[in-house]
Amino acid sequence: HTFFLDMGLDQYTARVADLDAKLQENWPDIQLVDMDDPAVVQRMVSKCMFYVLFGKWITDDEAKVLTGWRSLAPIFVFPRIGQRMIFNLGVGKVKKLRRDTVQIVENYGLQDLFMQMNASLPPKYRRDPVVKLCDEIMYVTGFAGMGGTSACTETVSAFLQLKIPKECAKETINFSNYESAAAMVACYREDPVAYIKESCRVNPPVTSATSVLKEDTTIEMLGKEVTLPEGMLRQYTLSMANRDPEVFEEPDLFNPQRGDLNKALTWNGAFGMSNEADYLRICPGRN
């Protein structure tokens with residue numbers, strides 16, 4: 001955040017303000033229906049993310065490379081045994097994506113930025129060579145920033161047209177508060193942030209996450225007590241938590257006006273904002 005996403009920095013504010021003009025220049029005749037093409041959305045997001053981070057508006061070919069952080073998402077979460085069964089072809093694609101992403105950083109002469117970042121770390125955390133840090137940062141930026149944001153944008157674009165994304169079951173989303181796409185667009189314009197938050201609650205870009213048990217833990221499972229050992233991986237399902245009827249009234253109803261939006265586990269609290277403590281889930285990079 002110190003180097004890229006500090007919302008108090010003048011360069012961050014200026015770059016975000018530039019995005020509208022940049023997008024209109026690149027896609028002068030874009031229509032909402034054009035957003036049905038995931039490749040268009042993903043190229044837009046990749047260009048915007050790279051610009052906000054580095055101040056460079058990348059080429060269409062470079063953006064196409066970075067769309068891999070979204071299109072290869074199933075490979076990232078594919079179990080290791082499955083990867084071996086397909087002769088690690090998926091792993092090879094991801095490795096190439098990582099190399100190509102670092103190459104784009106080098107295309108714009110941004111190596112010094114990562115050298116400064118590396119030098120700012122305590123000695124035990126510094127990478128040697130520095131390109132390792134670049135690869136790690138771009139992995140996080142690509143997978144979460146470009147891939148996750150693309151998933152969010154695809155959902156918002158679909159909802160604005162009263163369409164259900166292909167990964168969702170039609171009966172799990174209730175659009176009854178909105179009788180037309182025009183009504184959806186009007187709702188978005190009234191409060192874009194709330195609209196995006198509710199879209200992410202209903203169809204989260206990240207559906208689950210995994211943590212490691214720090215100690216032996218006893219839980220009830222199917223009416224029996226089961227002890228899980230320290231070190232076991234524990235997965236928690238964000239998509240189910242965001243539909244918890246004890247937390248969200250009418251959880252299947254799409255309602256950006258609901259007062260409990262900040263309780264959704266899919267939205268990271270804005271870094272440094274006064275209401276940051278209201279968010280239950282904060283970006284791991286926050287500290």
# chains A, B, ... in the order shown; residues from 1 in each chain; ligands from 1
>>> residues_around(residues="region 167-179 of chain A", least_positions_apart="4", cutoff="7 Å", atoms="only C-alpha atoms", output="list in words")
Ala183, Met184, Asp252, Leu253 and Phe254 of chain A
>>> write_last_selection(atoms="all heavy atoms", output="PDB file, in the first residue's frame")
ATOM      1  N   ALA A 183     -33.770   0.516 -14.616  1.00  0.00           N
ATOM      2  CA  ALA A 183     -33.889   0.689 -13.165  1.00  0.00           C
ATOM      3  C   ALA A 183     -32.593   0.277 -12.471  1.00  0.00           C
ATOM      4  O   ALA A 183     -32.169   0.904 -11.493  1.00  0.00           O
ATOM      5  CB  ALA A 183     -35.066  -0.130 -12.638  1.00  0.00           C
ATOM      6  N   MET A 184     -31.962  -0.765 -12.994  1.00  0.00           N
ATOM      7  CA  MET A 184     -30.682  -1.200 -12.444  1.00  0.00           C
ATOM      8  C   MET A 184     -29.618  -0.120 -12.642  1.00  0.00           C
ATOM      9  O   MET A 184     -28.857   0.207 -11.718  1.00  0.00           O
ATOM     10  CB  MET A 184     -30.230  -2.500 -13.117  1.00  0.00           C
ATOM     11  CG  MET A 184     -30.807  -3.757 -12.498  1.00  0.00           C
ATOM     12  SD  MET A 184     -30.088  -4.067 -10.863  1.00  0.00           S
ATOM     13  CE  MET A 184     -30.377  -5.827 -10.721  1.00  0.00           C
ATOM     14  N   ASP A 252     -31.126 -13.600  -0.382  1.00  0.00           N
ATOM     15  CA  ASP A 252     -31.072 -13.804  -1.824  1.00  0.00           C
ATOM     16  C   ASP A 252     -31.522 -12.573  -2.609  1.00  0.00           C
ATOM     17  O   ASP A 252     -31.371 -12.516  -3.835  1.00  0.00           O
ATOM     18  CB  ASP A 252     -31.936 -14.997  -2.237  1.00  0.00           C
ATOM     19  CG  ASP A 252     -31.384 -16.317  -1.721  1.00  0.00           C
ATOM     20  OD1 ASP A 252     -30.188 -16.367  -1.397  1.00  0.00           O
ATOM     21  OD2 ASP A 252     -32.156 -17.298  -1.642  1.00  0.00           O
ATOM     22  N   LEU A 253     -32.073 -11.589  -1.912  1.00  0.00           N
ATOM     23  CA  LEU A 253     -32.577 -10.389  -2.563  1.00  0.00           C
ATOM     24  C   LEU A 253     -31.428  -9.433  -2.874  1.00  0.00           C
ATOM     25  O   LEU A 253     -30.652  -9.071  -1.990  1.00  0.00           O
ATOM     26  CB  LEU A 253     -33.599  -9.684  -1.677  1.00  0.00           C
ATOM     27  CG  LEU A 253     -34.215  -8.395  -2.241  1.00  0.00           C
ATOM     28  CD1 LEU A 253     -35.095  -8.708  -3.450  1.00  0.00           C
ATOM     29  CD2 LEU A 253     -35.006  -7.656  -1.164  1.00  0.00           C
ATOM     30  N   PHE A 254     -31.340  -9.018  -4.131  1.00  0.00           N
ATOM     31  CA  PHE A 254     -30.340  -8.023  -4.516  1.00  0.00           C
ATOM     32  C   PHE A 254     -30.851  -6.654  -4.095  1.00  0.00           C
ATOM     33  O   PHE A 254     -31.849  -6.152  -4.613  1.00  0.00           O
ATOM     34  CB  PHE A 254     -30.111  -8.056  -6.028  1.00  0.00           C
ATOM     35  CG  PHE A 254     -29.081  -7.071  -6.494  1.00  0.00           C
ATOM     36  CD1 PHE A 254     -27.730  -7.325  -6.331  1.00  0.00           C
ATOM     37  CD2 PHE A 254     -29.456  -5.877  -7.099  1.00  0.00           C
ATOM     38  CE1 PHE A 254     -26.772  -6.411  -6.752  1.00  0.00           C
ATOM     39  CE2 PHE A 254     -28.518  -4.951  -7.518  1.00  0.00           C
ATOM     40  CZ  PHE A 254     -27.171  -5.224  -7.347  1.00  0.00           C
TER      41      PHE A 254
END
>>> select_by_dssp(residues="region 32-168 of chain A", states="alpha helix (DSSP H)", output="VMD selection string")
chain A and resid 38 to 54 60 to 66 68 to 71 73 to 76 80 to 85 89 to 107 111 to 120 131 to 140 149 to 160
>>> residues_around(residues="region 225-241 of chain A", least_positions_apart="3", cutoff="8 Å", atoms="only C-alpha atoms", output="list in words")
Arg201, Val202, Asn203, Pro204, Val206, Thr207, Ser208, Ala209, Thr210, Ser211, Val212, Leu213, Lys214, Glu215, Asp216, Thr217, Thr218, Ile219, Glu220, Met221, Asp244, Ala264, Leu265 and Thr266 of chain A
>>> closest_atom_pairs(of="region 116-203 of chain A", to="region 37-42 of chain A", cutoff="9 Å", atoms="only C-alpha atoms", output="Markdown table")
| residue | atom | partner | partner_atom | distance |
| --- | --- | --- | --- | --- |
| A:Met146 | CA | A:Gln42 | CA | 7.7 |
| A:Gly147 | CA | A:Gln42 | CA | 7.9 |
| A:Thr149 | CA | A:Gln42 | CA | 8.6 |
| A:Ser150 | CA | A:Gln42 | CA | 5.4 |
| A:Ala151 | CA | A:Gln42 | CA | 8.4 |
| A:Thr153 | CA | A:Val41 | CA | 7.0 |
| A:Glu154 | CA | A:Val41 | CA | 6.7 |
| A:Ser157 | CA | A:Val41 | CA | 8.9 |
>>> closest_atom_pairs(of="region 116-202 of chain A", to="region 1-11 of chain A", cutoff="12 Å", atoms="only C-alpha atoms", output="Markdown table")
| residue | atom | partner | partner_atom | distance |
| --- | --- | --- | --- | --- |
| A:Gln116 | CA | A:Phe3 | CA | 9.3 |
| A:Met117 | CA | A:Phe3 | CA | 7.5 |
| A:Asn118 | CA | A:Phe3 | CA | 11.2 |
| A:Ser120 | CA | A:Phe3 | CA | 10.5 |
| A:Leu121 | CA | A:Thr2 | CA | 11.9 |
| A:Ile137 | CA | A:Phe4 | CA | 10.8 |
| A:Met138 | CA | A:Phe4 | CA | 11.8 |
| A:Thr141 | CA | A:Phe4 | CA | 10.4 |
| A:Gly145 | CA | A:Leu5 | CA | 11.2 |
>>> write_last_selection(atoms="C-alpha atoms", output="PDB file, in the first residue's frame")
ATOM      1  CA  GLN A 116      13.312   0.539  -3.499  1.00  0.00           C
ATOM      2  CA  MET A 117      10.588  -1.679  -2.074  1.00  0.00           C
ATOM      3  CA  ASN A 118      13.054  -4.479  -1.412  1.00  0.00           C
ATOM      4  CA  SER A 120      12.711  -0.840   2.570  1.00  0.00           C
ATOM      5  CA  LEU A 121      12.099  -4.333   3.985  1.00  0.00           C
ATOM      6  CA  ILE A 137       4.050  -8.718  -5.807  1.00  0.00           C
ATOM      7  CA  MET A 138       2.806  -9.133  -9.367  1.00  0.00           C
ATOM      8  CA  THR A 141      -1.592  -8.015  -7.937  1.00  0.00           C
ATOM      9  CA  GLY A 145      -6.166  -7.210  -8.302  1.00  0.00           C
TER      10      GLY A 145
END
>>> closest_atom_pairs(of="region 29-142 of chain A", to="region 14-21 of chain A", cutoff="7 Å", atoms="only C-alpha atoms", output="JSON lines")
{"residue": "A:Cys48", "atom": "CA", "partner": "A:Leu19", "partner_atom": "CA", "distance": 6.6}
{"residue": "A:Tyr51", "atom": "CA", "partner": "A:Arg15", "partner_atom": "CA", "distance": 7.0}
{"residue": "A:Val52", "atom": "CA", "partner": "A:Arg15", "partner_atom": "CA", "distance": 5.5}
{"residue": "A:Gly55", "atom": "CA", "partner": "A:Arg15", "partner_atom": "CA", "distance": 6.8}
>>> select_by_dssp(residues="region 20-236 of chain A", states="strand (DSSP E)", output="PDB file with N, CA and C atoms, in the first residue's frame")
ATOM      1  N   SER A 208     -14.274 -18.676  -1.383  1.00  0.00           N
ATOM      2  CA  SER A 208     -13.795 -19.321  -0.164  1.00  0.00           C
ATOM      3  C   SER A 208     -12.343 -18.936   0.071  1.00  0.00           C
ATOM      4  N   ALA A 209     -11.878 -19.175   1.264  1.00  0.00           N
ATOM      5  CA  ALA A 209     -10.485 -18.924   1.609  1.00  0.00           C
ATOM      6  C   ALA A 209     -10.049 -19.979   2.623  1.00  0.00           C
ATOM      7  N   THR A 210      -8.756 -20.108   2.795  1.00  0.00           N
ATOM      8  CA  THR A 210      -8.212 -21.164   3.654  1.00  0.00           C
ATOM      9  C   THR A 210      -7.282 -20.573   4.696  1.00  0.00           C
ATOM     10  N   SER A 211      -7.414 -21.069   5.912  1.00  0.00           N
ATOM     11  CA  SER A 211      -6.504 -20.684   6.987  1.00  0.00           C
ATOM     12  C   SER A 211      -5.929 -21.966   7.608  1.00  0.00           C
ATOM     13  N   VAL A 212      -4.939 -21.786   8.472  1.00  0.00           N
ATOM     14  CA  VAL A 212      -4.277 -22.916   9.123  1.00  0.00           C
ATOM     15  C   VAL A 212      -4.605 -22.882  10.609  1.00  0.00           C
ATOM     16  N   THR A 217      -8.174 -28.146  17.656  1.00  0.00           N
ATOM     17  CA  THR A 217      -9.480 -27.499  17.769  1.00  0.00           C
ATOM     18  C   THR A 217     -10.579 -28.544  17.714  1.00  0.00           C
ATOM     19  N   THR A 218     -11.484 -28.497  18.689  1.00  0.00           N
ATOM     20  CA  THR A 218     -12.601 -29.441  18.736  1.00  0.00           C
ATOM     21  C   THR A 218     -13.864 -28.754  18.223  1.00  0.00           C
ATOM     22  N   ILE A 219     -14.512 -29.378  17.256  1.00  0.00           N
ATOM     23  CA  ILE A 219     -15.742 -28.836  16.679  1.00  0.00           C
ATOM     24  C   ILE A 219     -16.816 -29.917  16.658  1.00  0.00           C
ATOM     25  N   GLU A 220     -18.061 -29.496  16.470  1.00  0.00           N
ATOM     26  CA  GLU A 220     -19.149 -30.454  16.323  1.00  0.00           C
ATOM     27  C   GLU A 220     -19.424 -30.654  14.840  1.00  0.00           C
ATOM     28  N   MET A 221     -19.429 -31.906  14.416  1.00  0.00           N
ATOM     29  CA  MET A 221     -19.658 -32.226  13.019  1.00  0.00           C
ATOM     30  C   MET A 221     -20.620 -33.403  12.929  1.00  0.00           C
ATOM     31  N   LYS A 224     -21.415 -35.002  16.218  1.00  0.00           N
ATOM     32  CA  LYS A 224     -20.319 -35.600  16.979  1.00  0.00           C
ATOM     33  C   LYS A 224     -19.195 -34.584  17.155  1.00  0.00           C
ATOM     34  N   GLU A 225     -18.475 -34.704  18.260  1.00  0.00           N
ATOM     35  CA  GLU A 225     -17.321 -33.853  18.485  1.00  0.00           C
ATOM     36  C   GLU A 225     -16.107 -34.439  17.761  1.00  0.00           C
ATOM     37  N   VAL A 226     -15.445 -33.612  16.996  1.00  0.00           N
ATOM     38  CA  VAL A 226     -14.281 -34.039  16.230  1.00  0.00           C
ATOM     39  C   VAL A 226     -13.133 -33.084  16.542  1.00  0.00           C
ATOM     40  N   THR A 227     -11.960 -33.633  16.824  1.00  0.00           N
ATOM     41  CA  THR A 227     -10.790 -32.813  17.112  1.00  0.00           C
ATOM     42  C   THR A 227      -9.911 -32.723  15.874  1.00  0.00           C
ATOM     43  N   LEU A 228      -9.681 -31.499  15.446  1.00  0.00           N
ATOM     44  CA  LEU A 228      -8.825 -31.247  14.288  1.00  0.00           C
ATOM     45  C   LEU A 228      -7.449 -30.821  14.783  1.00  0.00           C
ATOM     46  N   LEU A 233      -5.416 -27.560   7.454  1.00  0.00           N
ATOM     47  CA  LEU A 233      -6.002 -26.483   6.664  1.00  0.00           C
ATOM     48  C   LEU A 233      -7.507 -26.444   6.881  1.00  0.00           C
ATOM     49  N   ARG A 234      -8.032 -25.235   7.046  1.00  0.00           N
ATOM     50  CA  ARG A 234      -9.468 -25.054   7.280  1.00  0.00           C
ATOM     51  C   ARG A 234      -9.991 -24.073   6.234  1.00  0.00           C
ATOM     52  N   GLN A 235     -10.981 -24.524   5.497  1.00  0.00           N
ATOM     53  CA  GLN A 235     -11.558 -23.655   4.477  1.00  0.00           C
ATOM     54  C   GLN A 235     -12.869 -23.065   4.975  1.00  0.00           C
ATOM     55  N   TYR A 236     -13.022 -21.760   4.782  1.00  0.00           N
ATOM     56  CA  TYR A 236     -14.286 -21.122   5.133  1.00  0.00           C
ATOM     57  C   TYR A 236     -14.914 -20.568   3.861  1.00  0.00           C
TER      58      TYR A 236
END
>>> residues_around(residues="region 103-105 of chain A", least_positions_apart="6", cutoff="10 Å", atoms="only C-alpha atoms", output="tab-separated table (two decimals) with all heavy atoms, in the first residue's frame")
chain	number	residue	atom	x	y	z
A	50	PHE	N	-2.99	-1.67	-13.92
A	50	PHE	CA	-1.58	-1.37	-14.15
A	50	PHE	C	-1.34	0.14	-14.11
A	50	PHE	O	-0.32	0.61	-13.59
A	50	PHE	CB	-1.14	-1.94	-15.51
A	50	PHE	CG	0.34	-2.19	-15.62
A	50	PHE	CD1	0.87	-3.43	-15.28
A	50	PHE	CD2	1.21	-1.20	-16.04
A	50	PHE	CE1	2.24	-3.67	-15.37
A	50	PHE	CE2	2.58	-1.42	-16.13
A	50	PHE	CZ	3.09	-2.66	-15.80
A	54	PHE	N	1.17	1.80	-11.52
A	54	PHE	CA	2.46	2.23	-12.06
A	54	PHE	C	2.40	3.50	-12.91
A	54	PHE	O	3.45	3.99	-13.32
A	54	PHE	CB	3.06	1.10	-12.91
A	54	PHE	CG	3.25	-0.18	-12.17
A	54	PHE	CD1	2.49	-1.30	-12.47
A	54	PHE	CD2	4.20	-0.29	-11.16
A	54	PHE	CE1	2.67	-2.50	-11.79
A	54	PHE	CE2	4.40	-1.47	-10.48
A	54	PHE	CZ	3.63	-2.58	-10.78
A	56	LYS	N	1.31	3.69	-15.97
A	56	LYS	CA	1.59	3.33	-17.36
A	56	LYS	C	0.33	2.70	-17.98
A	56	LYS	O	-0.22	1.75	-17.42
A	56	LYS	CB	2.76	2.34	-17.46
A	56	LYS	CG	4.04	2.81	-16.77
A	56	LYS	CD	4.64	4.02	-17.46
A	56	LYS	CE	5.96	4.42	-16.79
A	56	LYS	NZ	6.55	5.62	-17.43
A	58	ILE	N	-0.86	0.40	-20.56
A	58	ILE	CA	-0.23	-0.65	-21.34
A	58	ILE	C	-0.92	-0.85	-22.69
A	58	ILE	O	-2.05	-0.40	-22.90
A	58	ILE	CB	-0.19	-1.98	-20.56
A	58	ILE	CG1	-1.60	-2.43	-20.18
A	58	ILE	CG2	0.69	-1.83	-19.32
A	58	ILE	CD1	-1.64	-3.77	-19.46
A	59	THR	N	-0.26	-1.55	-23.59
A	59	THR	CA	-0.80	-1.81	-24.92
A	59	THR	C	-1.89	-2.88	-24.86
A	59	THR	O	-2.02	-3.61	-23.86
A	59	THR	CB	0.30	-2.29	-25.87
A	59	THR	OG1	0.75	-3.59	-25.45
A	59	THR	CG2	1.48	-1.33	-25.88
A	62	GLU	N	-0.29	-6.29	-24.34
A	62	GLU	CA	0.14	-6.51	-22.96
A	62	GLU	C	-1.07	-6.78	-22.07
A	62	GLU	O	-1.03	-7.64	-21.18
A	62	GLU	CB	0.92	-5.30	-22.46
A	62	GLU	CG	2.29	-5.17	-23.12
A	62	GLU	CD	2.94	-3.82	-22.88
A	62	GLU	OE1	2.22	-2.83	-22.61
A	62	GLU	OE2	4.18	-3.74	-22.98
A	63	ALA	N	-2.16	-6.05	-22.32
A	63	ALA	CA	-3.37	-6.28	-21.55
A	63	ALA	C	-3.91	-7.68	-21.79
A	63	ALA	O	-4.41	-8.34	-20.86
A	63	ALA	CB	-4.43	-5.24	-21.92
A	65	VAL	N	-2.18	-10.29	-22.36
A	65	VAL	CA	-1.36	-11.19	-21.52
A	65	VAL	C	-1.89	-11.22	-20.09
A	65	VAL	O	-2.09	-12.28	-19.49
A	65	VAL	CB	0.12	-10.74	-21.53
A	65	VAL	CG1	0.92	-11.50	-20.46
A	65	VAL	CG2	0.74	-10.97	-22.91
A	66	LEU	N	-2.16	-10.04	-19.54
A	66	LEU	CA	-2.57	-9.93	-18.14
A	66	LEU	C	-3.98	-10.48	-17.89
A	66	LEU	O	-4.33	-10.79	-16.75
A	66	LEU	CB	-2.48	-8.48	-17.67
A	66	LEU	CG	-1.07	-7.88	-17.66
A	66	LEU	CD1	-1.10	-6.45	-17.16
A	66	LEU	CD2	-0.11	-8.72	-16.82
A	97	LEU	N	2.73	-17.23	-17.53
A	97	LEU	CA	2.03	-15.99	-17.22
A	97	LEU	C	2.86	-15.14	-16.26
A	97	LEU	O	2.96	-13.91	-16.43
A	97	LEU	CB	0.66	-16.29	-16.62
A	97	LEU	CG	-0.14	-15.09	-16.09
A	97	LEU	CD1	-0.44	-14.11	-17.23
A	97	LEU	CD2	-1.43	-15.56	-15.43
A	111	GLN	N	11.90	-1.51	-12.79
A	111	GLN	CA	12.67	-2.32	-11.85
A	111	GLN	C	13.09	-1.54	-10.61
A	111	GLN	O	13.14	-2.09	-9.50
A	111	GLN	CB	13.92	-2.89	-12.54
A	111	GLN	CG	13.63	-3.83	-13.70
A	111	GLN	CD	13.62	-3.14	-15.05
A	111	GLN	OE1	13.06	-2.05	-15.18
A	111	GLN	NE2	14.26	-3.75	-16.04
A	114	PHE	N	10.82	-1.71	-7.55
A	114	PHE	CA	10.90	-2.92	-6.73
A	114	PHE	C	12.21	-2.99	-5.96
A	114	PHE	O	12.26	-3.58	-4.88
A	114	PHE	CB	10.71	-4.15	-7.63
A	114	PHE	CG	9.32	-4.28	-8.16
A	114	PHE	CD1	8.98	-3.77	-9.41
A	114	PHE	CD2	8.33	-4.86	-7.40
A	114	PHE	CE1	7.69	-3.85	-9.89
A	114	PHE	CE2	7.03	-4.96	-7.87
A	114	PHE	CZ	6.71	-4.45	-9.12
A	134	CYS	N	9.51	-8.84	-7.22
A	134	CYS	CA	8.65	-8.38	-8.31
A	134	CYS	C	7.66	-9.47	-8.70
A	134	CYS	O	6.46	-9.21	-8.85
A	134	CYS	CB	9.52	-7.98	-9.51
A	134	CYS	SG	8.57	-7.46	-10.95
A	135	ASP	N	8.14	-10.70	-8.84
A	135	ASP	CA	7.27	-11.82	-9.20
A	135	ASP	C	6.19	-12.03	-8.14
A	135	ASP	O	5.01	-12.23	-8.46
A	135	ASP	CB	8.11	-13.09	-9.36
A	135	ASP	CG	7.26	-14.33	-9.56
A	135	ASP	OD1	6.39	-14.33	-10.46
A	135	ASP	OD2	7.45	-15.31	-8.82
A	138	MET	N	3.64	-9.08	-8.17
A	138	MET	CA	2.81	-9.13	-9.37
A	138	MET	C	1.88	-10.35	-9.34
A	138	MET	O	0.79	-10.32	-9.93
A	138	MET	CB	3.67	-9.14	-10.63
A	138	MET	CG	4.47	-7.86	-10.84
A	138	MET	SD	3.48	-6.33	-10.68
A	138	MET	CE	2.30	-6.53	-12.02
>>> atom_distance(atom1="CA of Leu162 (chain A)", atom2="CA of Ser180 (chain A)")
7.1 Å
>>> residues_around(residues="Leu72 (chain A)", least_positions_apart="4", cutoff="8 Å", atoms="only C-alpha atoms", output="list in words")
Gly68, Phe76 and Val94 of chain A
>>> write_last_selection(atoms="C-alpha atoms", output="mmCIF file, in the first residue's frame")
data_model
loop_
_atom_site.group_PDB
_atom_site.id
_atom_site.type_symbol
_atom_site.label_atom_id
_atom_site.label_comp_id
_atom_site.auth_asym_id
_atom_site.auth_seq_id
_atom_site.Cartn_x
_atom_site.Cartn_y
_atom_site.Cartn_z
ATOM 1 C CA GLY A 68 -4.573 -14.620 -17.984
ATOM 2 C CA PHE A 76 -4.772 -21.675 -9.756
ATOM 3 C CA VAL A 94 0.814 -20.180 -14.903
#
>>> atom_distance(atom1="CA of Arg70 (chain A)", atom2="CA of Glu190 (chain A)")
28.9 Å
